[in-house]
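Structure file upload_19.txt (compact mmCIF, C-alpha atoms and all ligand atoms) is printed below.
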# COMPACT_ATOMS: atom_id res chain seq x y z
CA MET A 75 27.76 -55.29 16.52
CA SER A 76 26.54 -58.34 14.57
CA PRO A 77 28.92 -61.31 14.17
CA ASP A 78 29.42 -60.37 10.53
CA GLN A 79 30.24 -56.76 11.46
CA HIS A 80 32.73 -58.04 14.07
CA PHE A 81 34.33 -60.29 11.46
CA ALA A 82 34.48 -57.41 8.95
CA ALA A 83 35.91 -55.00 11.55
CA ALA A 84 38.60 -57.49 12.50
CA ALA A 85 39.38 -58.14 8.85
CA ALA A 86 39.48 -54.39 8.07
CA ILE A 87 42.45 -54.02 10.42
CA ASP A 88 44.37 -56.14 7.91
CA GLY A 89 46.90 -53.98 6.19
CA ALA A 90 47.19 -51.56 9.12
CA ALA A 91 50.63 -50.17 9.85
CA SER A 92 51.79 -52.69 12.47
CA ARG A 93 54.77 -54.96 11.86
CA SER A 94 54.44 -58.34 10.17
CA LEU A 95 57.00 -61.12 9.91
CA PRO A 96 59.73 -61.56 7.31
CA ALA A 97 59.50 -64.61 5.05
CA ARG A 98 61.92 -66.64 7.21
CA PRO A 99 61.77 -65.17 10.69
CA SER A 100 64.22 -65.82 13.49
CA VAL A 101 62.09 -67.40 16.26
CA ALA A 102 62.52 -67.69 20.04
CA VAL A 103 60.47 -69.97 22.30
CA VAL A 104 60.36 -68.72 25.90
CA GLY A 105 59.51 -71.57 28.28
CA ALA A 106 60.89 -74.10 25.81
CA THR A 107 61.12 -76.88 28.40
CA GLY A 108 57.53 -76.55 29.66
CA ALA A 109 54.44 -78.53 28.69
CA VAL A 110 53.35 -75.91 26.14
CA GLY A 111 56.91 -75.01 25.09
CA VAL A 112 57.61 -78.57 23.98
CA GLU A 113 54.43 -78.48 21.87
CA LEU A 114 55.35 -75.09 20.40
CA ILE A 115 58.62 -76.58 19.15
CA ALA A 116 56.77 -79.64 17.79
CA CYS A 117 54.18 -77.45 16.01
CA LEU A 118 56.93 -75.36 14.38
CA GLU A 119 58.57 -78.57 13.17
CA ASP A 120 55.43 -80.50 12.15
CA ARG A 121 53.89 -77.55 10.31
CA GLY A 122 57.10 -76.70 8.47
CA PHE A 123 57.14 -73.16 9.86
CA PRO A 124 59.66 -71.28 7.67
CA LEU A 125 62.16 -70.04 10.21
CA SER A 126 65.78 -69.01 9.76
CA ARG A 127 66.84 -69.71 13.35
CA LEU A 128 65.29 -71.13 16.53
CA ARG A 129 66.39 -70.05 20.02
CA LEU A 130 65.15 -72.02 23.00
CA LEU A 131 64.88 -70.08 26.26
CA ALA A 132 64.01 -71.27 29.76
CA SER A 133 65.16 -70.79 33.34
CA PRO A 134 68.85 -71.13 34.25
CA ARG A 135 67.95 -74.61 35.63
CA SER A 136 67.53 -75.86 32.05
CA ALA A 137 70.46 -74.06 30.42
CA GLY A 138 72.51 -76.50 28.36
CA ARG A 139 69.75 -79.10 27.95
CA THR A 140 69.50 -80.10 24.30
CA VAL A 141 66.54 -80.49 21.97
CA ILE A 142 66.56 -81.98 18.46
CA PHE A 143 64.82 -79.70 15.95
CA ARG A 144 64.83 -80.61 12.24
CA ASP A 145 67.82 -82.92 12.76
CA GLU A 146 69.78 -80.18 14.50
CA THR A 147 70.76 -80.28 18.16
CA LEU A 148 69.82 -77.02 19.85
CA ALA A 149 70.91 -76.03 23.36
CA VAL A 150 68.44 -74.40 25.74
CA GLU A 151 69.68 -70.98 26.91
CA ALA A 152 68.87 -69.12 30.13
CA LEU A 153 66.38 -66.32 29.44
CA GLY A 154 67.86 -62.84 29.88
CA GLU A 155 67.15 -59.28 28.83
CA GLY A 156 69.57 -59.63 25.91
CA SER A 157 67.92 -62.79 24.58
CA PHE A 158 65.87 -61.05 21.88
CA ALA A 159 68.49 -59.34 19.69
CA GLY A 160 67.70 -60.28 16.09
CA VAL A 161 64.55 -62.21 17.04
CA ASP A 162 61.52 -61.57 14.77
CA LEU A 163 58.97 -63.78 16.56
CA ALA A 164 58.93 -64.64 20.27
CA LEU A 165 56.50 -67.32 21.42
CA PHE A 166 56.10 -66.99 25.21
CA SER A 167 54.84 -69.73 27.52
CA ALA A 168 56.63 -69.36 30.84
CA GLY A 169 53.87 -67.87 32.99
CA SER A 170 52.47 -64.37 33.49
CA GLY A 171 55.33 -63.00 35.59
CA ILE A 172 57.91 -63.82 32.94
CA SER A 173 55.67 -62.41 30.20
CA ARG A 174 55.00 -59.17 32.07
CA HIS A 175 58.73 -58.55 32.43
CA TYR A 176 60.19 -59.91 29.20
CA ALA A 177 57.46 -59.53 26.53
CA PRO A 178 57.79 -55.71 26.41
CA ILE A 179 61.59 -56.15 26.23
CA ALA A 180 61.20 -58.56 23.29
CA ALA A 181 58.74 -56.23 21.53
CA ALA A 182 61.06 -53.23 22.07
CA ALA A 183 63.90 -55.26 20.52
CA GLY A 184 61.77 -55.64 17.36
CA ALA A 185 60.11 -59.03 17.88
CA ILE A 186 56.41 -59.75 17.50
CA VAL A 187 55.40 -61.53 20.71
CA VAL A 188 52.66 -64.16 20.77
CA ASP A 189 52.05 -64.58 24.49
CA ASN A 190 50.37 -67.64 25.93
CA SER A 191 50.01 -66.20 29.43
CA SER A 192 47.13 -64.16 30.81
CA ALA A 193 49.36 -61.09 31.34
CA PHE A 194 48.08 -58.91 28.50
CA ARG A 195 44.92 -60.63 27.29
CA MET A 196 42.45 -58.02 28.47
CA ASP A 197 44.60 -54.98 27.60
CA ALA A 198 42.60 -52.83 25.18
CA ASP A 199 45.53 -52.44 22.76
CA VAL A 200 46.47 -56.15 22.73
CA PRO A 201 44.59 -58.35 20.24
CA LEU A 202 43.27 -61.62 21.72
CA VAL A 203 43.16 -63.99 18.79
CA VAL A 204 41.65 -67.29 17.72
CA PRO A 205 42.51 -67.39 14.01
CA GLU A 206 39.23 -69.07 12.99
CA VAL A 207 37.33 -66.19 14.64
CA ASN A 208 39.24 -62.89 14.55
CA GLN A 209 42.68 -63.30 12.96
CA GLY A 210 42.23 -59.87 11.34
CA ALA A 211 42.53 -58.28 14.78
CA ALA A 212 46.11 -59.58 15.02
CA ALA A 213 47.20 -57.15 12.31
CA GLY A 214 46.44 -54.26 14.68
CA HIS A 215 49.02 -55.42 17.21
CA ARG A 216 51.60 -53.10 18.79
CA GLY A 217 54.22 -55.77 19.31
CA ILE A 218 52.24 -58.17 21.53
CA ILE A 219 49.42 -60.53 20.52
CA ALA A 220 47.74 -62.57 23.26
CA ASN A 221 46.89 -66.24 22.90
CA PRO A 222 43.65 -66.80 24.83
CA ASN A 223 42.97 -69.08 27.79
CA CYS A 224 42.73 -72.70 26.66
CA VAL A 225 39.03 -73.12 27.56
CA ALA A 226 38.20 -69.83 25.83
CA ILE A 227 39.89 -71.05 22.62
CA ILE A 228 38.28 -74.49 22.68
CA ALA A 229 34.84 -72.95 23.33
CA ALA A 230 35.25 -70.12 20.79
CA VAL A 231 36.02 -72.41 17.84
CA PRO A 232 32.51 -74.00 17.78
CA LEU A 233 30.69 -70.98 19.26
CA TRP A 234 31.74 -68.70 16.42
CA PRO A 235 30.06 -70.58 13.53
CA LEU A 236 26.96 -70.97 15.71
CA HIS A 237 26.94 -67.23 16.43
CA ARG A 238 27.17 -66.54 12.70
CA LEU A 239 24.30 -68.97 12.07
CA SER A 240 22.06 -67.17 14.54
CA PRO A 241 23.06 -64.66 17.24
CA VAL A 242 23.97 -66.35 20.54
CA GLN A 243 22.56 -64.62 23.61
CA ARG A 244 23.76 -66.80 26.45
CA VAL A 245 26.17 -69.65 27.15
CA VAL A 246 26.08 -71.92 30.22
CA ALA A 247 29.02 -74.30 30.49
CA ALA A 248 30.89 -76.72 32.74
CA THR A 249 34.46 -77.80 32.06
CA TYR A 250 36.42 -81.00 32.57
CA GLN A 251 40.00 -79.68 32.52
CA ALA A 252 43.13 -81.76 32.10
CA ALA A 253 46.35 -81.70 34.12
CA SER A 254 48.29 -80.08 31.26
CA GLY A 255 46.62 -76.72 31.95
CA ALA A 256 48.64 -76.57 35.18
CA GLY A 257 51.90 -77.42 33.41
CA ALA A 258 54.30 -80.32 33.02
CA ALA A 259 54.68 -80.77 36.79
CA ALA A 260 50.92 -81.28 37.22
CA MET A 261 50.91 -83.91 34.44
CA GLU A 262 53.68 -85.71 36.32
CA GLU A 263 51.72 -85.43 39.56
CA LEU A 264 48.74 -87.10 37.88
CA ARG A 265 50.92 -89.97 36.63
CA ALA A 266 52.81 -90.46 39.90
CA SER A 267 49.79 -90.13 42.19
CA THR A 268 47.77 -92.57 40.07
CA ALA A 269 50.59 -95.13 40.20
CA ALA A 270 50.89 -94.66 43.98
CA TYR A 271 47.12 -95.02 44.46
CA LEU A 272 47.02 -98.27 42.47
CA GLU A 273 49.93 -99.65 44.48
CA GLY A 274 48.31 -98.61 47.78
CA ARG A 275 51.13 -96.15 48.56
CA HIS A 276 50.65 -92.74 50.16
CA TYR A 277 51.32 -89.85 47.76
CA ALA A 278 51.84 -86.30 49.06
CA ASN A 279 50.67 -83.90 46.36
CA THR A 280 52.97 -80.94 45.84
CA VAL A 281 51.72 -79.27 42.64
CA LEU A 282 47.94 -79.18 42.95
CA ALA A 283 46.09 -78.46 46.16
CA HIS A 284 44.11 -81.70 46.33
CA PRO A 285 44.64 -85.43 45.72
CA TYR A 286 44.40 -85.89 41.95
CA ALA A 287 44.22 -89.65 41.35
CA PHE A 288 40.62 -90.87 40.95
CA ASN A 289 39.37 -87.47 42.03
CA LEU A 290 38.26 -84.14 40.60
CA PHE A 291 38.05 -80.69 42.14
CA SER A 292 37.07 -77.10 41.49
CA HIS A 293 39.72 -75.32 39.37
CA ASP A 294 42.79 -74.42 41.39
CA THR A 295 42.45 -70.63 41.02
CA ALA A 296 41.13 -68.52 43.91
CA VAL A 297 37.42 -67.81 44.24
CA ASP A 298 36.43 -64.13 44.26
CA ALA A 299 34.18 -63.71 47.31
CA ALA A 300 32.19 -60.92 45.62
CA THR A 301 31.25 -62.83 42.44
CA GLY A 302 31.65 -66.46 43.53
CA SER A 303 33.65 -67.15 40.34
CA ASN A 304 37.18 -68.50 40.45
CA GLY A 305 40.01 -66.95 38.42
CA GLU A 306 39.70 -69.42 35.58
CA GLU A 307 35.95 -68.88 35.24
CA ALA A 308 36.41 -65.10 35.22
CA LYS A 309 39.09 -65.37 32.50
CA VAL A 310 36.98 -67.59 30.26
CA MET A 311 33.94 -65.32 30.53
CA GLN A 312 35.75 -62.07 29.80
CA GLU A 313 38.02 -63.53 27.12
CA LEU A 314 35.15 -65.17 25.22
CA ARG A 315 33.34 -61.83 25.11
CA LYS A 316 36.47 -60.13 23.73
CA ILE A 317 37.22 -62.85 21.13
CA LEU A 318 33.64 -63.00 19.89
CA GLY A 319 33.31 -59.19 19.93
CA GLU A 320 30.23 -59.42 22.17
CA PRO A 321 30.94 -57.43 25.35
CA GLU A 322 27.43 -58.06 26.70
CA LEU A 323 27.27 -61.82 25.99
CA ARG A 324 25.81 -63.60 29.04
CA ILE A 325 28.04 -66.47 30.14
CA GLY A 326 27.99 -68.69 33.21
CA ILE A 327 30.66 -71.35 33.70
CA THR A 328 31.94 -73.85 36.29
CA CYS A 329 35.58 -74.91 35.81
CA VAL A 330 36.68 -78.28 37.19
CA ARG A 331 40.02 -80.09 37.09
CA VAL A 332 39.67 -83.77 36.17
CA PRO A 333 42.28 -86.57 36.14
CA VAL A 334 42.90 -86.43 32.38
CA LEU A 335 46.36 -85.72 30.98
CA ARG A 336 46.00 -83.19 28.19
CA ALA A 337 42.61 -82.48 26.60
CA HIS A 338 39.89 -80.28 28.04
CA SER A 339 36.19 -81.08 27.60
CA ILE A 340 33.28 -78.65 27.94
CA ALA A 341 29.54 -79.24 28.29
CA MET A 342 27.85 -76.16 26.80
CA THR A 343 24.29 -74.96 26.54
CA VAL A 344 24.01 -72.28 23.87
CA GLU A 345 20.92 -70.07 23.86
CA PHE A 346 20.15 -68.34 20.56
CA GLU A 347 17.98 -65.31 19.91
CA ARG A 348 15.61 -67.43 17.83
CA PRO A 349 14.72 -71.15 17.61
CA VAL A 350 17.30 -73.09 15.58
CA ALA A 351 16.99 -76.39 13.71
CA LEU A 352 19.52 -79.05 14.73
CA ASP A 353 20.28 -79.78 11.06
CA ALA A 354 21.36 -76.16 10.61
CA VAL A 355 23.52 -76.36 13.76
CA ARG A 356 25.18 -79.54 12.52
CA ALA A 357 25.75 -78.08 9.05
CA ALA A 358 27.30 -74.90 10.48
CA LEU A 359 29.64 -76.91 12.71
CA ALA A 360 30.53 -79.39 9.94
CA ALA A 361 31.58 -76.52 7.67
CA ALA A 362 33.54 -74.63 10.36
CA PRO A 363 37.34 -74.57 10.20
CA GLY A 364 38.94 -76.22 13.22
CA VAL A 365 35.80 -78.21 14.14
CA ARG A 366 35.29 -81.96 13.70
CA LEU A 367 31.87 -83.47 14.34
CA VAL A 368 32.04 -86.60 16.51
CA ASP A 369 28.37 -87.31 16.95
CA ASP A 370 27.65 -90.99 16.33
CA VAL A 371 24.42 -91.51 18.22
CA ALA A 372 24.06 -95.17 17.21
CA ARG A 373 27.44 -96.08 18.72
CA ASN A 374 27.27 -93.62 21.61
CA HIS A 375 30.53 -92.21 20.29
CA PHE A 376 31.01 -88.56 21.19
CA PRO A 377 33.99 -86.26 21.91
CA MET A 378 36.48 -87.80 24.34
CA PRO A 379 39.69 -86.27 25.70
CA ARG A 380 41.73 -89.31 24.63
CA GLU A 381 40.59 -88.87 21.02
CA ALA A 382 41.03 -85.10 21.18
CA SER A 383 44.64 -85.45 22.38
CA GLY A 384 47.52 -85.07 19.95
CA GLN A 385 45.49 -83.50 17.15
CA GLY A 386 44.37 -79.96 16.36
CA ASP A 387 40.59 -80.02 15.85
CA VAL A 388 37.95 -79.23 18.43
CA LEU A 389 35.65 -82.27 18.57
CA VAL A 390 31.93 -81.47 18.88
CA GLY A 391 29.00 -83.80 19.53
CA ARG A 392 25.95 -84.61 21.72
CA ILE A 393 24.13 -81.95 19.71
CA ARG A 394 20.55 -81.68 20.96
CA HIS A 395 17.91 -79.21 22.02
CA ASP A 396 17.88 -78.41 25.71
CA ALA A 397 14.79 -80.20 27.02
CA SER A 398 14.39 -77.56 29.73
CA ASP A 399 13.76 -74.83 27.13
CA PRO A 400 10.67 -75.71 25.05
CA SER A 401 11.16 -72.61 22.86
CA GLY A 402 13.77 -74.46 20.74
CA ARG A 403 16.28 -71.64 21.21
CA SER A 404 18.72 -73.61 23.40
CA VAL A 405 21.13 -76.23 22.08
CA MET A 406 23.41 -78.46 24.15
CA LEU A 407 26.85 -79.63 22.99
CA PHE A 408 29.78 -81.60 24.33
CA VAL A 409 33.19 -80.43 23.14
CA ALA A 410 36.78 -81.68 23.57
CA GLY A 411 40.05 -80.12 22.41
CA ASP A 412 43.73 -80.69 23.11
CA GLN A 413 44.67 -78.08 25.72
CA LEU A 414 48.34 -78.14 24.73
CA LEU A 415 47.67 -77.88 20.97
CA LYS A 416 44.58 -75.90 19.94
CA GLY A 417 44.23 -74.61 23.51
CA ALA A 418 47.79 -73.23 23.50
CA ALA A 419 50.72 -74.05 21.17
CA LEU A 420 48.88 -74.72 17.91
CA ASN A 421 46.74 -71.59 18.24
CA ALA A 422 49.88 -69.50 18.85
CA VAL A 423 51.67 -70.94 15.82
CA GLN A 424 48.55 -70.48 13.65
CA ILE A 425 48.48 -66.80 14.66
CA ALA A 426 52.15 -66.48 13.67
CA GLU A 427 51.66 -68.32 10.36
CA ARG A 428 49.12 -65.75 9.33
CA LEU A 429 51.61 -62.94 9.98
CA LEU A 430 54.00 -64.37 7.39
CA PRO A 431 54.09 -62.57 4.03
P1 LIG B 501 62.38 -74.54 33.40
O1 LIG B 501 61.99 -75.90 32.85
O2 LIG B 501 63.82 -74.24 33.19
O3 LIG B 501 61.89 -74.31 34.81
P2 LIG B 501 55.23 -75.48 32.68
O4 LIG B 501 54.09 -74.57 32.30
O5 LIG B 501 55.15 -76.81 32.05
O6 LIG B 501 55.38 -75.53 34.18
O7 LIG B 501 56.57 -74.80 32.09
C1 LIG B 501 57.02 -73.52 32.47
C2 LIG B 501 58.14 -73.06 31.54
O8 LIG B 501 58.56 -71.77 31.98
C3 LIG B 501 59.38 -73.93 31.59
O9 LIG B 501 60.00 -73.97 30.33
C4 LIG B 501 60.24 -73.21 32.60
O10 LIG B 501 61.63 -73.46 32.47
C5 LIG B 501 59.97 -71.79 32.21
N1 LIG B 501 60.35 -70.90 33.29
C6 LIG B 501 59.96 -70.95 34.58
N2 LIG B 501 60.57 -69.97 35.30
C7 LIG B 501 61.39 -69.31 34.45
C8 LIG B 501 62.31 -68.22 34.56
N3 LIG B 501 62.50 -67.60 35.72
N4 LIG B 501 62.97 -67.81 33.44
C9 LIG B 501 62.77 -68.43 32.26
N5 LIG B 501 61.93 -69.47 32.09
C10 LIG B 501 61.24 -69.91 33.15
So, in terms of structure tokens, how does the structure I just supplied come out?
Amino acid sequence: MSPDQHFAAAAAIDGAASRSLPARPSVAVVGATGAVGVELIACLEDRGFPLSRLRLLASPRSAGRTVIFRDETLAVEALGEGSFAGVDLALFSAGSGISRHYAPIAAAAGAIVVDNSSAFRMDADVPLVVPEVNQGAAAGHRGIIANPNCVAIIAAVPLWPLHRLSPVQRVVAATYQAASGAGAAAMEELRASTAAYLEGRHYANTVLAHPYAFNLFSHDTAVDAATGSNGEEAKVMQELRKILGEPELRIGITCVRVPVLRAHSIAMTVEFERPVALDAVRAALAAAPGVRLVDDVARNHFPMPREASGQGDVLVGRIRHDASDPSGRSVMLFVAGDQLLKGAALNAVQIAERLLP
């Protein structure tokens, strides 16, 4: 299927029979105290999401904690099977185990679930959505819509306009992934272990498997002995193929955790079917929703995680032909996006916004 056919097929699902949201939905955030949960609440507030009620759900450890939302003080409640009565939209970010158990309960109670975990992403009847690429697919949901892996989202946003410019055959990438991808506790471990290192104190890491300060290491998911890929790499490869509607797309990726707080970076080599001009690549990226070119060669100013943090665009730069491929078909890019925002909370809220009437 060509990229345009994929886009049309996804769009054609629009108007299908599945539920959409009322004009002012009642919303629940599951995992409201976590790194992504906090950003989900902030996105709902900052973007003026038209909700009638917000329920904040987390583990019993957090019950009673309060959060200010639109000048109102809301108490966090312990998640339970009865938490979803009257809820129209449930935004889940409390890990796969919680999603597997509670997302079907929320959907059965009448909510549309946008799930940030990996629990349902590769299920054939669950849309896996990046709004800039395949929002139309969301309309075919059966109660659960999956928010993709953070690297898959941040890579898909610039890959899609390039794929529409000229079919992409192969992607080779390496990631520089922030602490936030492992949750609020990992962000705290980065802060605390860095402070200890600078003060010459011993720090015993408890969240990640290796010393994090002034270090980097292969992503903390298990390596599959048969393929040599770790869990994160496998997710990114299969999810990108599903999002882009290209089941045969060739992808190779190395995922690495770096001591950065909250934005992921990716070095990507994109191989097209035919030679492409860099001007056309730049023009396609400049016009793409969700992309911001940061490509100031004179000042050596390119995407950086610090500049990507706290905002919603995917920054793209270092655009050049791959010198190892004289055919002119391969283009190299460096990309950075906020893992907590576009890589998680913002993407989920953007999916939900497009389900409003
Ligand atoms: P809590 O803070 O009460 O433990 P992160 O990804 O930053 O680690 O956050 C995980 C989120 O998932 C937190 O909001 C956490 O709540 C929530 N969570 C963890 N375990 C449970 C559980 N058993 N029931 C409900 N929420 C949970």
Would you pick out the contacts of Val344 of chain A at 10 Å or less, using only C-alpha atoms, so that residues sharing its chain but fewer than 5 positions from it are not included, and give the list as a list of chain:residue names?
A:Leu233, A:Leu236, A:His237, A:Val242, A:Gln243, A:Arg244, A:Val245, A:Val246, A:Ala247, A:Ile325, A:His395, A:Asp396, A:Arg403, A:Ser404, A:Val405, A:Met406, A:Leu407
Would you name the residues within 7 Å of ligand LIG 501 (chain B), counting all atoms listed in the file, and put them as a list in words?
Val104, Gly105, Ala106, Thr107, Gly108, Ala109, Val110, Gly111, Leu131, Ala132, Ser133, Pro134, Arg135, Ser136, Ala152, Leu153, Ser167, Ala168, Gly169, Ile172, Ala256, Gly257, Ala258 and Ala259 of chain A
Please identify all polymer residues within 6 Å of Ile340 of chain A, counting all atoms listed in the file, omitting same-chain residues fewer than 3 positions from it, and present them as a VMD selection string.
chain A and resid 248 to 249 408 to 409
Near-Tyr286 of chain A list (9 Å; only C-alpha atoms; drop same-chain fewer than 5 positions) as a PDB file with C-alpha atoms, in the coordinates of the input:
ATOM      1  CA  GLU A 263      51.720 -85.430  39.560  1.00  0.00           C
ATOM      2  CA  LEU A 264      48.740 -87.100  37.880  1.00  0.00           C
ATOM      3  CA  SER A 267      49.790 -90.130  42.190  1.00  0.00           C
ATOM      4  CA  THR A 268      47.770 -92.570  40.070  1.00  0.00           C
ATOM      5  CA  ASN A 279      50.670 -83.900  46.360  1.00  0.00           C
ATOM      6  CA  PHE A 291      38.050 -80.690  42.140  1.00  0.00           C
ATOM      7  CA  ARG A 331      40.020 -80.090  37.090  1.00  0.00           C
ATOM      8  CA  VAL A 332      39.670 -83.770  36.170  1.00  0.00           C
ATOM      9  CA  PRO A 333      42.280 -86.570  36.140  1.00  0.00           C
TER      10      PRO A 333
END
Leaving out segment 90-99 of chain A and any residue of its chain fewer than 4 positions from it, which residues lie within 8 Å of it when counting all atoms listed in the file, given as a PDB file with C-alpha atoms, in the frame of the given file?
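File produced: selection.pdb:
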ATOM      1  CA  PRO A 124      59.660 -71.280   7.670  1.00  0.00           C
ATOM      2  CA  LEU A 125      62.160 -70.040  10.210  1.00  0.00           C
ATOM      3  CA  SER A 126      65.780 -69.010   9.760  1.00  0.00           C
ATOM      4  CA  ARG A 127      66.840 -69.710  13.350  1.00  0.00           C
ATOM      5  CA  VAL A 161      64.550 -62.210  17.040  1.00  0.00           C
ATOM      6  CA  ASP A 162      61.520 -61.570  14.770  1.00  0.00           C
ATOM      7  CA  LEU A 163      58.970 -63.780  16.560  1.00  0.00           C
ATOM      8  CA  ILE A 186      56.410 -59.750  17.500  1.00  0.00           C
ATOM      9  CA  ALA A 213      47.200 -57.150  12.310  1.00  0.00           C
ATOM     10  CA  GLY A 214      46.440 -54.260  14.680  1.00  0.00           C
ATOM     11  CA  HIS A 215      49.020 -55.420  17.210  1.00  0.00           C
ATOM     12  CA  ARG A 216      51.600 -53.100  18.790  1.00  0.00           C
ATOM     13  CA  GLY A 217      54.220 -55.770  19.310  1.00  0.00           C
ATOM     14  CA  LEU A 429      51.610 -62.940   9.980  1.00  0.00           C
ATOM     15  CA  LEU A 430      54.000 -64.370   7.390  1.00  0.00           C
ATOM     16  CA  PRO A 431      54.090 -62.570   4.030  1.00  0.00           C
TER      17      PRO A 431
END
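Every protein or nucleic acid residue with an atom no more than 9 Å from Ala419 of chain A, counting all atoms listed in the file and leaving out same-chain residues fewer than 3 positions away, appears here: Val110, Gly111, Val112, Glu113, Leu114, Ile115, Ala116, Cys117, Leu165, Ser167, Asn190, Asn221, Gln413, Leu414, Leu415, Lys416, Ala422, Val423 and Gln424 of chain A.
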Nearest residue to Pro321 of chain A out of A:Gln385, A:Tyr176, A:Met196, A:Glu307, using all atoms listed in the file?
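Ranking A:Gln385, A:Tyr176, A:Met196, A:Glu307 by distance to Pro321 of chain A, first place goes to A:Met196.
Take the candidates A:Asp189, A:Glu320, A:Asp145, A:Asp369 and check each one against Ala230 of chain A using all atoms listed in the file; the shortest distance goes to A:Glu320.
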d(atom CA of Val103 of chain A, atom CA of Leu130 of chain A) in Å
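Those two atoms sit 5.2 Å apart.
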Taken to one decimal, the atom CA of Leu118 of chain A-atom CA of Ala362 of chain A distance is 23.7 Å
Using all atoms listed in the file, the residue out of A:Ala149, A:Ile179, A:Ala185, A:Val231 with shortest distance to Gly417 of chain A is A:Val231
In Å, with one decimal, what is the gap from atom CA of Ala358 of chain A to atom CA of Asp370 of chain A?
17.1 Å
Nearest to Ala337 of chain A, chosen from A:Asp399, A:Glu381, A:Glu119, A:Glu262, with all atoms listed in the file counted in the distances
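Counting all atoms listed in the file, the residue closest to Ala337 of chain A is A:Glu381.
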For each of A:Val203, A:Ala354, A:Val365, A:Ile393, take the minimum atom-to-atom distance to Arg238 of chain A, counting all atoms listed in the file, then give the residue where this is smallest.
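Ranking A:Val203, A:Ala354, A:Val365, A:Ile393 by distance to Arg238 of chain A, first place goes to A:Ala354.
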Using all atoms listed in the file, which of A:Glu427, A:Ala220, A:Arg348, A:Val150 sits nearest Ser170 of chain A?
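Of the candidates, the smallest distance to Ser170 of chain A is held by A:Ala220.
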